[in-house]
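Chemist: Contents of protein_0.cif (mmCIF, C-alpha atoms and all ligand atoms):
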data_my_file
loop_
_atom_site.label_atom_id
_atom_site.label_comp_id
_atom_site.auth_asym_id
_atom_site.auth_seq_id
_atom_site.Cartn_x
_atom_site.Cartn_y
_atom_site.Cartn_z
CA MET A 1 7.45 33.85 -39.22
CA SER A 2 6.85 30.20 -38.38
CA SER A 3 7.61 27.19 -40.54
CA LYS A 4 4.37 25.97 -42.13
CA VAL A 5 1.84 24.53 -39.69
CA PRO A 6 -0.02 21.44 -41.03
CA ILE A 7 -3.79 21.85 -41.26
CA PHE A 8 -6.08 19.01 -40.15
CA THR A 9 -9.50 18.66 -41.80
CA LEU A 10 -12.47 17.89 -39.55
CA SER A 11 -15.21 15.50 -40.71
CA ASN A 12 -17.35 18.48 -41.80
CA GLY A 13 -14.54 19.88 -43.99
CA VAL A 14 -13.56 22.67 -41.55
CA ARG A 15 -9.80 23.26 -41.54
CA MET A 16 -8.10 23.30 -38.15
CA PRO A 17 -4.44 24.37 -37.72
CA SER A 18 -2.60 21.60 -35.88
CA VAL A 19 -0.88 24.11 -33.56
CA GLY A 20 -2.86 26.65 -31.59
CA LEU A 21 -2.23 28.96 -28.66
CA GLY A 22 -3.60 27.80 -25.30
CA THR A 23 -4.76 30.68 -23.12
CA TRP A 24 -5.62 29.22 -19.73
CA GLN A 25 -3.98 31.47 -17.07
CA MET A 26 -3.55 34.29 -19.59
CA THR A 27 -5.42 37.00 -17.74
CA GLY A 28 -5.45 40.74 -17.28
CA ASP A 29 -4.22 43.40 -19.65
CA GLU A 30 -1.36 41.29 -21.02
CA GLY A 31 -3.91 39.24 -23.00
CA LYS A 32 -4.23 41.76 -25.81
CA THR A 33 -0.46 41.90 -26.36
CA VAL A 34 -0.15 38.13 -26.12
CA ILE A 35 -2.74 37.61 -28.87
CA ARG A 36 -1.10 40.25 -31.10
CA ASN A 37 2.30 38.57 -30.61
CA ALA A 38 0.79 35.18 -31.37
CA ILE A 39 -0.81 36.29 -34.63
CA LEU A 40 2.43 38.00 -35.68
CA ALA A 41 4.33 34.80 -34.83
CA GLY A 42 2.05 32.86 -37.20
CA TYR A 43 -0.60 31.39 -34.87
CA ARG A 44 -3.98 31.10 -36.57
CA HIS A 45 -5.69 28.99 -33.91
CA ILE A 46 -6.57 30.22 -30.40
CA ASP A 47 -8.08 28.14 -27.62
CA THR A 48 -10.08 29.87 -24.90
CA ALA A 49 -13.07 29.19 -22.61
CA THR A 50 -15.44 31.21 -20.46
CA LEU A 51 -13.60 29.68 -17.49
CA TYR A 52 -10.37 31.46 -18.51
CA GLN A 53 -11.99 34.91 -18.25
CA ASN A 54 -9.97 36.27 -21.15
CA GLU A 55 -12.46 36.25 -24.05
CA ASP A 56 -12.75 40.05 -23.74
CA GLN A 57 -9.04 40.64 -24.24
CA ILE A 58 -8.90 38.17 -27.10
CA GLY A 59 -11.88 39.91 -28.74
CA ASP A 60 -10.29 43.35 -28.36
CA ALA A 61 -6.99 42.15 -29.82
CA LEU A 62 -8.68 40.44 -32.77
CA ALA A 63 -10.88 43.45 -33.54
CA GLU A 64 -7.76 45.65 -33.76
CA LEU A 65 -5.89 43.13 -35.92
CA PHE A 66 -8.88 42.82 -38.31
CA ALA A 67 -9.21 46.62 -38.53
CA GLU A 68 -5.49 46.96 -39.28
CA GLY A 69 -5.75 44.28 -41.99
CA VAL A 70 -3.12 42.09 -40.26
CA VAL A 71 -5.35 39.02 -40.49
CA LYS A 72 -8.86 38.17 -41.71
CA ARG A 73 -11.54 36.44 -39.65
CA GLU A 74 -11.78 33.57 -42.13
CA ASP A 75 -8.06 32.81 -41.69
CA LEU A 76 -8.48 32.12 -37.97
CA PHE A 77 -9.70 29.13 -35.99
CA ILE A 78 -11.17 30.22 -32.65
CA THR A 79 -12.31 27.72 -30.03
CA THR A 80 -14.23 28.50 -26.88
CA LYS A 81 -15.98 26.30 -24.32
CA ALA A 82 -19.14 26.23 -22.26
CA PHE A 83 -18.30 25.57 -18.61
CA CYS A 84 -20.37 23.34 -16.29
CA HIS A 85 -23.02 25.96 -15.55
CA GLU A 86 -23.39 26.66 -19.29
CA VAL A 87 -23.65 23.19 -20.84
CA ALA A 88 -27.32 22.39 -20.12
CA PRO A 89 -29.49 22.68 -23.26
CA ASP A 90 -31.68 25.40 -21.69
CA VAL A 91 -28.71 27.76 -21.14
CA ILE A 92 -26.08 26.88 -23.73
CA GLU A 93 -27.33 29.17 -26.52
CA GLU A 94 -27.21 32.20 -24.24
CA ALA A 95 -23.75 31.10 -23.03
CA LEU A 96 -22.36 30.99 -26.57
CA ARG A 97 -24.01 34.30 -27.50
CA ASN A 98 -22.32 35.87 -24.44
CA SER A 99 -18.96 34.40 -25.43
CA LEU A 100 -19.39 35.73 -28.96
CA LYS A 101 -20.15 39.21 -27.61
CA ARG A 102 -16.96 39.13 -25.54
CA LEU A 103 -14.94 37.76 -28.46
CA ARG A 104 -16.56 40.33 -30.78
CA LEU A 105 -17.22 37.58 -33.32
CA ASP A 106 -20.31 36.32 -35.19
CA TYR A 107 -19.32 32.67 -34.87
CA VAL A 108 -16.67 30.43 -33.36
CA ASP A 109 -14.91 27.76 -35.37
CA LEU A 110 -15.31 25.25 -32.56
CA TYR A 111 -17.54 25.21 -29.49
CA LEU A 112 -16.83 22.59 -26.85
CA ALA A 113 -18.70 21.41 -23.81
CA HIS A 114 -15.83 21.92 -21.34
CA ILE A 115 -16.93 19.18 -18.93
CA PRO A 116 -19.70 16.56 -19.28
CA ALA A 117 -21.23 17.39 -15.90
CA ALA A 118 -23.83 20.19 -15.76
CA THR A 119 -24.16 22.45 -12.73
CA ARG A 120 -26.12 25.54 -11.80
CA GLU A 121 -24.34 28.90 -11.67
CA CYS A 122 -23.74 28.44 -7.94
CA GLY A 123 -21.98 25.15 -8.67
CA SER A 124 -24.68 22.78 -7.38
CA HIS A 125 -25.04 19.72 -9.59
CA ARG A 126 -27.78 19.40 -12.23
CA THR A 127 -28.32 15.67 -12.23
CA ASP A 128 -31.24 16.03 -14.68
CA VAL A 129 -28.82 16.80 -17.55
CA LYS A 130 -27.17 13.87 -19.32
CA VAL A 131 -24.39 14.02 -21.91
CA GLU A 132 -27.00 13.26 -24.60
CA ASP A 133 -28.87 16.46 -23.58
CA ILE A 134 -25.65 18.48 -23.72
CA TRP A 135 -25.02 17.18 -27.21
CA LYS A 136 -28.51 18.17 -28.45
CA GLY A 137 -27.85 21.73 -27.23
CA LEU A 138 -24.58 21.84 -29.16
CA GLU A 139 -26.26 20.52 -32.32
CA ASN A 140 -28.74 23.39 -32.13
CA LEU A 141 -25.88 25.93 -32.06
CA TYR A 142 -24.30 24.24 -35.07
CA SER A 143 -27.61 24.45 -36.96
CA LEU A 144 -27.87 28.16 -36.09
CA GLY A 145 -24.38 28.71 -37.58
CA LEU A 146 -23.03 30.12 -34.31
CA ALA A 147 -20.43 27.34 -34.16
CA LYS A 148 -18.86 25.97 -37.36
CA SER A 149 -17.88 22.78 -35.51
CA ILE A 150 -18.87 21.25 -32.20
CA GLY A 151 -17.19 18.90 -29.80
CA VAL A 152 -16.48 17.70 -26.32
CA SER A 153 -13.78 18.15 -23.72
CA ASN A 154 -13.04 15.94 -20.71
CA PHE A 155 -15.65 13.39 -21.84
CA ASN A 156 -14.57 9.82 -21.23
CA GLU A 157 -14.77 7.05 -23.82
CA SER A 158 -18.18 5.70 -22.80
CA GLN A 159 -19.67 9.20 -22.76
CA ILE A 160 -18.41 9.70 -26.33
CA GLU A 161 -19.91 6.36 -27.39
CA ARG A 162 -23.26 7.42 -25.89
CA ILE A 163 -23.19 10.64 -27.91
CA VAL A 164 -22.24 8.86 -31.11
CA LYS A 165 -25.35 6.66 -30.70
CA ILE A 166 -27.75 9.61 -30.73
CA GLN A 167 -25.95 12.32 -32.68
CA LYS A 168 -27.46 13.88 -35.81
CA ILE A 169 -24.37 16.07 -36.28
CA PRO A 170 -21.09 14.19 -35.81
CA THR A 171 -18.75 15.00 -32.94
CA HIS A 172 -15.96 16.92 -34.68
CA VAL A 173 -13.35 17.26 -31.91
CA SER A 174 -12.49 15.82 -28.52
CA GLN A 175 -10.23 17.95 -26.34
CA VAL A 176 -8.95 15.19 -24.18
CA LEU A 177 -8.96 14.70 -20.44
CA GLU A 178 -5.36 15.89 -20.94
CA LEU A 179 -2.93 14.09 -23.23
CA HIS A 180 0.80 14.08 -22.75
CA LEU A 181 3.70 11.68 -22.80
CA TYR A 182 2.93 10.30 -19.34
CA LEU A 183 -0.80 9.95 -20.07
CA PRO A 184 -0.92 8.83 -23.71
CA GLN A 185 -4.70 8.14 -23.75
CA LYS A 186 -4.54 5.18 -26.11
CA ALA A 187 -8.14 4.04 -25.52
CA HIS A 188 -9.42 7.54 -26.17
CA ARG A 189 -7.42 7.73 -29.37
CA GLU A 190 -8.88 4.42 -30.58
CA ILE A 191 -12.47 5.58 -30.05
CA CYS A 192 -11.82 8.92 -31.76
CA LYS A 193 -10.18 7.20 -34.71
CA LYS A 194 -13.17 4.88 -35.06
CA HIS A 195 -15.61 7.81 -35.12
CA ASN A 196 -13.49 10.21 -37.19
CA ILE A 197 -13.07 12.67 -34.32
CA ILE A 198 -9.99 14.90 -34.28
CA ILE A 199 -8.23 15.04 -30.90
CA THR A 200 -6.80 18.16 -29.33
CA SER A 201 -4.24 17.50 -26.63
CA TYR A 202 -4.04 19.71 -23.61
CA ALA A 203 -1.19 19.87 -21.09
CA THR A 204 1.17 18.55 -23.79
CA LEU A 205 4.08 20.22 -21.97
CA GLY A 206 2.97 18.80 -18.64
CA SER A 207 1.22 22.03 -17.65
CA PRO A 208 3.91 23.32 -15.28
CA GLY A 209 1.78 26.45 -14.65
CA ARG A 210 -0.96 24.42 -12.94
CA MET A 211 0.91 24.54 -9.64
CA SER A 212 0.13 28.25 -9.26
CA VAL A 213 -3.65 27.64 -9.13
CA ILE A 214 -4.99 28.19 -5.61
CA GLY A 215 -8.14 26.36 -4.53
CA ALA A 216 -10.99 27.59 -2.30
CA ASP A 217 -9.10 26.35 0.79
CA GLY A 218 -6.12 28.63 0.00
CA LYS A 219 -3.91 25.69 -0.93
CA PRO A 220 -2.55 24.82 -4.42
CA LEU A 221 -5.43 23.06 -6.20
CA PHE A 222 -3.18 20.50 -7.88
CA GLU A 223 -0.88 19.91 -4.88
CA SER A 224 -1.42 16.13 -5.09
CA THR A 225 0.23 16.08 -8.53
CA LYS A 226 3.31 18.02 -7.42
CA ASN A 227 5.72 15.10 -7.65
CA ILE A 228 4.68 13.83 -11.07
CA PRO A 229 7.76 14.20 -13.27
CA ASN A 230 7.55 16.74 -16.08
CA GLU A 231 8.12 15.35 -19.55
CA LEU A 232 10.20 18.39 -20.51
CA ASN A 233 12.87 16.59 -18.44
CA ASP A 234 12.28 13.12 -19.93
CA LYS A 235 15.56 11.54 -21.03
CA ASN A 236 14.27 10.35 -24.42
CA VAL A 237 12.83 13.78 -25.14
CA LYS A 238 16.08 15.45 -24.15
CA ALA A 239 18.11 13.09 -26.34
CA LEU A 240 15.96 13.90 -29.38
CA ALA A 241 16.18 17.61 -28.60
CA GLN A 242 19.95 17.36 -28.63
CA LYS A 243 19.97 15.31 -31.83
CA TYR A 244 17.81 17.82 -33.74
CA ASN A 245 19.10 20.96 -32.04
CA LYS A 246 15.57 21.69 -30.78
CA THR A 247 14.13 22.22 -27.33
CA PRO A 248 12.34 19.49 -25.34
CA ALA A 249 9.09 21.46 -25.80
CA GLN A 250 9.50 21.37 -29.58
CA ILE A 251 10.09 17.61 -29.51
CA LEU A 252 6.99 16.96 -27.39
CA LEU A 253 4.80 19.17 -29.56
CA ARG A 254 6.09 17.89 -32.90
CA ALA A 255 5.79 14.23 -31.84
CA THR A 256 2.17 14.84 -30.81
CA VAL A 257 1.30 16.47 -34.14
CA GLU A 258 2.97 13.49 -35.88
CA MET A 259 0.44 11.28 -34.03
CA GLY A 260 -2.32 13.24 -35.82
CA ILE A 261 -3.20 15.22 -32.70
CA VAL A 262 -3.68 18.99 -32.46
CA VAL A 263 -1.61 20.81 -29.83
CA ILE A 264 -2.43 24.06 -28.01
CA PRO A 265 0.62 24.92 -25.87
CA LYS A 266 0.07 27.92 -23.61
CA THR A 267 2.63 30.63 -23.17
CA THR A 268 2.58 34.37 -22.70
CA ASN A 269 6.33 34.60 -23.31
CA PRO A 270 7.04 35.92 -26.86
CA GLU A 271 10.18 33.81 -27.32
CA ARG A 272 8.49 30.56 -26.22
CA MET A 273 5.57 31.46 -28.42
CA LYS A 274 7.85 31.39 -31.48
CA GLU A 275 9.55 28.25 -30.20
CA ASN A 276 6.24 26.41 -29.77
CA ILE A 277 5.12 26.97 -33.35
CA ASN A 278 8.47 26.54 -35.10
CA LEU A 279 8.14 22.79 -35.21
CA PHE A 280 8.27 21.85 -38.86
CA ASP A 281 11.79 22.60 -40.07
CA PHE A 282 13.11 19.19 -39.01
CA ASN A 283 11.96 15.61 -39.47
CA ILE A 284 11.35 13.35 -36.54
CA SER A 285 11.14 9.70 -37.62
CA LYS A 286 8.21 7.36 -37.04
CA ALA A 287 10.52 5.14 -34.95
CA GLU A 288 11.37 8.08 -32.73
CA VAL A 289 7.72 8.99 -32.25
CA ASN A 290 7.07 5.33 -31.42
CA LEU A 291 9.88 5.39 -28.89
CA LEU A 292 8.27 8.30 -27.07
CA GLU A 293 4.82 6.70 -27.34
CA ALA A 294 6.11 3.41 -26.02
CA HIS A 295 6.85 5.12 -22.73
CA GLU A 296 4.20 3.35 -20.69
CA ARG A 297 3.82 3.86 -16.98
CA SER A 298 2.33 1.19 -14.76
CA LYS A 299 0.02 3.86 -13.32
CA PRO A 300 -1.22 6.64 -15.61
CA GLU A 301 -0.37 9.96 -14.02
CA ARG A 302 -3.16 12.46 -14.36
CA LEU A 303 -2.33 16.11 -13.69
CA PHE A 304 -5.87 17.44 -13.62
CA TRP A 305 -8.76 16.42 -11.43
CA TRP A 306 -12.01 18.34 -11.41
CA PRO A 307 -13.09 18.34 -7.76
CA ASN A 308 -16.21 20.36 -8.62
CA VAL A 309 -17.80 17.38 -10.42
CA ALA A 310 -16.87 14.58 -8.02
CA ASP A 311 -20.07 12.63 -7.20
CA HIS A 312 -21.87 14.02 -10.24
CA PRO A 313 -23.57 11.17 -12.17
CA GLU A 314 -21.68 12.33 -15.28
CA ASP A 315 -18.28 12.71 -13.52
CA PRO A 316 -15.88 11.59 -16.28
CA PHE A 317 -13.27 10.53 -13.72
CA ALA A 318 -15.60 8.44 -11.54
CA ALA A 319 -13.82 5.18 -12.40
CA GLU A 320 -10.41 6.63 -11.51
CA ARG A 321 -11.16 8.55 -8.31
P1 LIG B 401 0.89 23.35 -21.22
O1 LIG B 401 0.62 24.02 -22.51
O2 LIG B 401 1.32 21.94 -21.19
O3 LIG B 401 1.96 24.17 -20.39
C1 LIG B 401 1.90 25.55 -20.27
C2 LIG B 401 2.99 25.96 -19.27
O4 LIG B 401 4.27 25.65 -19.81
C3 LIG B 401 2.99 27.41 -18.94
O5 LIG B 401 3.27 27.52 -17.55
C4 LIG B 401 4.12 27.99 -19.75
O6 LIG B 401 4.70 29.05 -19.05
C5 LIG B 401 5.07 26.80 -19.90
N1 LIG B 401 5.70 26.76 -21.23
C6 LIG B 401 5.15 27.08 -22.42
N2 LIG B 401 6.00 26.90 -23.42
C7 LIG B 401 7.14 26.43 -22.87
C8 LIG B 401 8.39 26.06 -23.42
N3 LIG B 401 8.64 26.15 -24.73
N4 LIG B 401 9.34 25.60 -22.56
C9 LIG B 401 9.11 25.53 -21.23
N5 LIG B 401 7.94 25.86 -20.66
C10 LIG B 401 6.96 26.32 -21.47
O7 LIG B 401 -0.37 23.41 -20.23
P2 LIG B 401 -1.80 24.02 -20.18
O8 LIG B 401 -1.78 25.50 -20.29
O9 LIG B 401 -2.46 23.43 -18.99
O10 LIG B 401 -2.54 23.41 -21.45
C11 LIG B 401 -2.51 24.05 -22.72
C12 LIG B 401 -3.86 24.67 -23.06
O11 LIG B 401 -4.86 23.65 -23.13
C13 LIG B 401 -4.42 25.64 -22.01
O12 LIG B 401 -3.81 26.90 -22.03
C14 LIG B 401 -5.87 25.66 -22.40
O13 LIG B 401 -6.09 26.48 -23.53
C15 LIG B 401 -6.10 24.17 -22.71
N6 LIG B 401 -6.55 23.38 -21.55
C16 LIG B 401 -7.79 22.82 -21.60
C17 LIG B 401 -8.28 22.11 -20.54
C18 LIG B 401 -9.64 21.51 -20.63
O14 LIG B 401 -10.20 21.11 -19.60
N7 LIG B 401 -10.22 21.42 -21.81
C19 LIG B 401 -7.51 21.92 -19.37
C20 LIG B 401 -6.23 22.49 -19.33
C21 LIG B 401 -5.76 23.19 -20.43
P3 LIG B 401 4.81 30.55 -19.67
O15 LIG B 401 3.45 31.06 -20.01
O16 LIG B 401 5.45 31.31 -18.56
O17 LIG B 401 5.72 30.42 -20.88
#
As structure tokens, what does this structure read like?
Ligand code: NAP

Modeler:
Amino acid sequence: MSSKVPIFTLSNGVRMPSVGLGTWQMTGDEGKTVIRNAILAGYRHIDTATLYQNEDQIGDALAELFAEGVVKREDLFITTKAFCHEVAPDVIEEALRNSLKRLRLDYVDLYLAHIPAATRECGSHRTDVKVEDIWKGLENLYSLGLAKSIGVSNFNESQIERIVKIQKIPTHVSQVLELHLYLPQKAHREICKKHNIIITSYATLGSPGRMSVIGADGKPLFESTKNIPNELNDKNVKALAQKYNKTPAQILLRATVEMGIVVIPKTTNPERMKENINLFDFNISKAEVNLLEAHERSKPERLFWWPNVADHPEDPFAAER
């Protein structure tokens, strides 16, 4: 069993475990076993998305665990996300209802718009849909009780400010355009602090698995990021790992939680799964967290680019492309 995971409270009072299991690239039959192992290892927070094509397996695993009395629905925090073709206000309710069917749940704890740019199912851009429209669709789902909290993912700072101006229900969470040691996202953190939005970090371990994703042209989709160093090998991280007799992954994850940020490391490996949640039986000092945070690069090194939304009027990366 894991050491106790701190719980963060969202602005609507919903309690969110600060460590969850990421499930991108968890596909096929292994998913059911992975989720069972995660719950037995102490995970109470699972992050999925329609894009990951594993909601079915997660739903099957959870239904079995509920039936066996291993865990109760109310003890879990389940996040899923509407992908580009699902975020427009005229389709988002059906998208969430479909996710809920696959997850075999009546509600999710958090529903995120995965990307701020709406498309049709075929991928062509819907330039008629603005981030404000996406937000109104999410608010409707919150009012219907289908999502206990709502939020955004991969929205840039100005898109969040635009939402805050019109929102009737506050933005509860921002799952950031990735956040890791080499892309510390300070501006994003400032905006979220100002508006009482909890941040979830993705790619906290530098997403080494991204290199196995193959694009439509048959080449690795993230080839251009191949030479970006991985923070699991960072010398400061390694020194702290040695000092505390922990692994580099545990240092990166614990330091991020110390910054008040939720982490959702992905693994399907049962030993790493335990490692990634056993983060709270040692004390990392504020100075040590600051030392890691102070690691500034002259050029921020982004691991993820979303080629499918390039040239979309709501492309969150437009300024950086
Ligand atoms: P990550 O969690 O930084 O890294 C996962 C990779 O690291 C996997 O290849 C995993 O391999 C390996 N790993 C896990 N634990 C490890 C450990 N203790 N030591 C060494 N290697 C370890 O990257 P991510 O999966 O890209 O991001 C995490 C989650 O965030 C995703 O699964 C997904 O839920 C979410 N996410 C969201 C977005 C978004 O647009 N909102 C984008 C990307 C990711 P094994 O499985 O073989 O252990």

Chemist: So the first atom is CA of Asp217 in chain A and the second is CA of Gln57 in chain A; what is the distance between them in Å, to one decimal place?

Modeler: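 Atom-to-atom, CA of Asp217 in chain A to CA of Gln57 in chain A, that is 28.8 Å.
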
Chemist: Output the neighbourhood of ligand LIG 401 (chain B) as a PyMOL selection string, that is, all protein and nucleic acid residues with some atom at most 8 Å from the ligand, counting all atoms listed in the file.

Modeler: chain A and resi 21-26+46-49+81+114-115+153-154+175-178+201-210+232+247-250+263-269+272-273+275-276+304

Chemist: Write the residues you've just listed into a file as a CSV table (one decimal), keeping the file's coordinate frame, and include C-alpha atoms for each of them.

Modeler:
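File produced: selection_37.csv:
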chain,number,residue,atom,x,y,z
A,21,LEU,CA,-2.2,29.0,-28.7
A,22,GLY,CA,-3.6,27.8,-25.3
A,23,THR,CA,-4.8,30.7,-23.1
A,24,TRP,CA,-5.6,29.2,-19.7
A,25,GLN,CA,-4.0,31.5,-17.1
A,26,MET,CA,-3.6,34.3,-19.6
A,46,ILE,CA,-6.6,30.2,-30.4
A,47,ASP,CA,-8.1,28.1,-27.6
A,48,THR,CA,-10.1,29.9,-24.9
A,49,ALA,CA,-13.1,29.2,-22.6
A,81,LYS,CA,-16.0,26.3,-24.3
A,114,HIS,CA,-15.8,21.9,-21.3
A,115,ILE,CA,-16.9,19.2,-18.9
A,153,SER,CA,-13.8,18.2,-23.7
A,154,ASN,CA,-13.0,15.9,-20.7
A,175,GLN,CA,-10.2,18.0,-26.3
A,176,VAL,CA,-9.0,15.2,-24.2
A,177,LEU,CA,-9.0,14.7,-20.4
A,178,GLU,CA,-5.4,15.9,-20.9
A,201,SER,CA,-4.2,17.5,-26.6
A,202,TYR,CA,-4.0,19.7,-23.6
A,203,ALA,CA,-1.2,19.9,-21.1
A,204,THR,CA,1.2,18.6,-23.8
A,205,LEU,CA,4.1,20.2,-22.0
A,206,GLY,CA,3.0,18.8,-18.6
A,207,SER,CA,1.2,22.0,-17.6
A,208,PRO,CA,3.9,23.3,-15.3
A,209,GLY,CA,1.8,26.4,-14.6
A,210,ARG,CA,-1.0,24.4,-12.9
A,232,LEU,CA,10.2,18.4,-20.5
A,247,THR,CA,14.1,22.2,-27.3
A,248,PRO,CA,12.3,19.5,-25.3
A,249,ALA,CA,9.1,21.5,-25.8
A,250,GLN,CA,9.5,21.4,-29.6
A,263,VAL,CA,-1.6,20.8,-29.8
A,264,ILE,CA,-2.4,24.1,-28.0
A,265,PRO,CA,0.6,24.9,-25.9
A,266,LYS,CA,0.1,27.9,-23.6
A,267,THR,CA,2.6,30.6,-23.2
A,268,THR,CA,2.6,34.4,-22.7
A,269,ASN,CA,6.3,34.6,-23.3
A,272,ARG,CA,8.5,30.6,-26.2
A,273,MET,CA,5.6,31.5,-28.4
A,275,GLU,CA,9.6,28.2,-30.2
A,276,ASN,CA,6.2,26.4,-29.8
A,304,PHE,CA,-5.9,17.4,-13.6

Chemist: Go ahead and compute the interatomic distance for CA of Val164 in chain A and CA of Ile134 in chain A, in Å to one decimal.

Modeler: 12.6 Å

Chemist: Go through A:Leu138, A:Val108, A:Ala67, A:Leu40 one by one, measure the shortest atom-to-atom distance of each to Val87 in chain A using all atoms listed in the file, and give the residue with the smallest value.

Modeler: A:Leu138

Chemist: To one decimal place in Å, what is the distance between CA of Asn98 in chain A and CA of Glu68 in chain A?

Modeler: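 CA of Glu68 in chain A lies at a distance of 25.0 Å from CA of Asn98 in chain A.
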
Chemist: Ranking A:Asp56, A:Glu139, A:Glu86, A:Asp128 by minimum distance to Arg102 in chain A and counting all atoms listed in the file, which one comes first?

Modeler: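 Selected residue with least distance to Arg102 in chain A: A:Asp56.
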
Chemist: Just the residues within 7 Å of range 141-152 of chain A, please, counting all atoms listed in the file, with nothing from its chain fewer than 4 positions along; format it as a PDB file with C-alpha atoms, keeping the file's coordinate frame.

Modeler:
ATOM      1  CA  GLU A  93     -27.330  29.170 -26.520  1.00  0.00           C
ATOM      2  CA  ASP A 106     -20.310  36.320 -35.190  1.00  0.00           C
ATOM      3  CA  TYR A 107     -19.320  32.670 -34.870  1.00  0.00           C
ATOM      4  CA  VAL A 108     -16.670  30.430 -33.360  1.00  0.00           C
ATOM      5  CA  ASP A 109     -14.910  27.760 -35.370  1.00  0.00           C
ATOM      6  CA  LEU A 110     -15.310  25.250 -32.560  1.00  0.00           C
ATOM      7  CA  TYR A 111     -17.540  25.210 -29.490  1.00  0.00           C
ATOM      8  CA  LEU A 112     -16.830  22.590 -26.850  1.00  0.00           C
ATOM      9  CA  ALA A 113     -18.700  21.410 -23.810  1.00  0.00           C
ATOM     10  CA  HIS A 114     -15.830  21.920 -21.340  1.00  0.00           C
ATOM     11  CA  GLY A 137     -27.850  21.730 -27.230  1.00  0.00           C
ATOM     12  CA  THR A 171     -18.750  15.000 -32.940  1.00  0.00           C
ATOM     13  CA  HIS A 172     -15.960  16.920 -34.680  1.00  0.00           C
ATOM     14  CA  VAL A 173     -13.350  17.260 -31.910  1.00  0.00           C
ATOM     15  CA  SER A 174     -12.490  15.820 -28.520  1.00  0.00           C
ATOM     16  CA  GLN A 175     -10.230  17.950 -26.340  1.00  0.00           C
TER      17      GLN A 175
END

Chemist: Quick one: of A:Lys235, A:His125, A:Arg189, A:His85, who's nearest to Leu291 in chain A, counting all atoms listed in the file?

Modeler: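 Counting all atoms listed in the file, the residue closest to Leu291 in chain A is A:Lys235.
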
Chemist: So that I can see what lies close to Glu190 in chain A, please list as a PyMOL selection string the residues with an atom at most 12 Å from it, counting only C-alpha atoms and leaving out residues fewer than 6 positions away in the same chain.

Modeler: chain A and resi 157+160-161+184+196-199

Chemist: Which residue out of A:Asn230, A:Gly42, A:Met16, A:Ala88 has the minimum interatomic distance to Glu74 in chain A when only C-alpha atoms are used?

Modeler: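 Ranking A:Asn230, A:Gly42, A:Met16, A:Ala88 by distance to Glu74 in chain A, first place goes to A:Met16.
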
Chemist: Select, from A:Ser99, A:Thr50, A:Thr9, A:Thr79, the residue with the minimum atom-to-atom distance to Gly260 in chain A, counting only C-alpha atoms.

Modeler: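 Residue with the minimum atom-to-atom distance to Gly260 in chain A: A:Thr9.
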
Chemist: Which is closer to Asp29 in chain A than all the others in A:Lys286, A:Ala82, A:Asp60, A:His180, using all atoms listed in the file?

Modeler: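 Distance minimum relative to Asp29 in chain A lands on A:Asp60.
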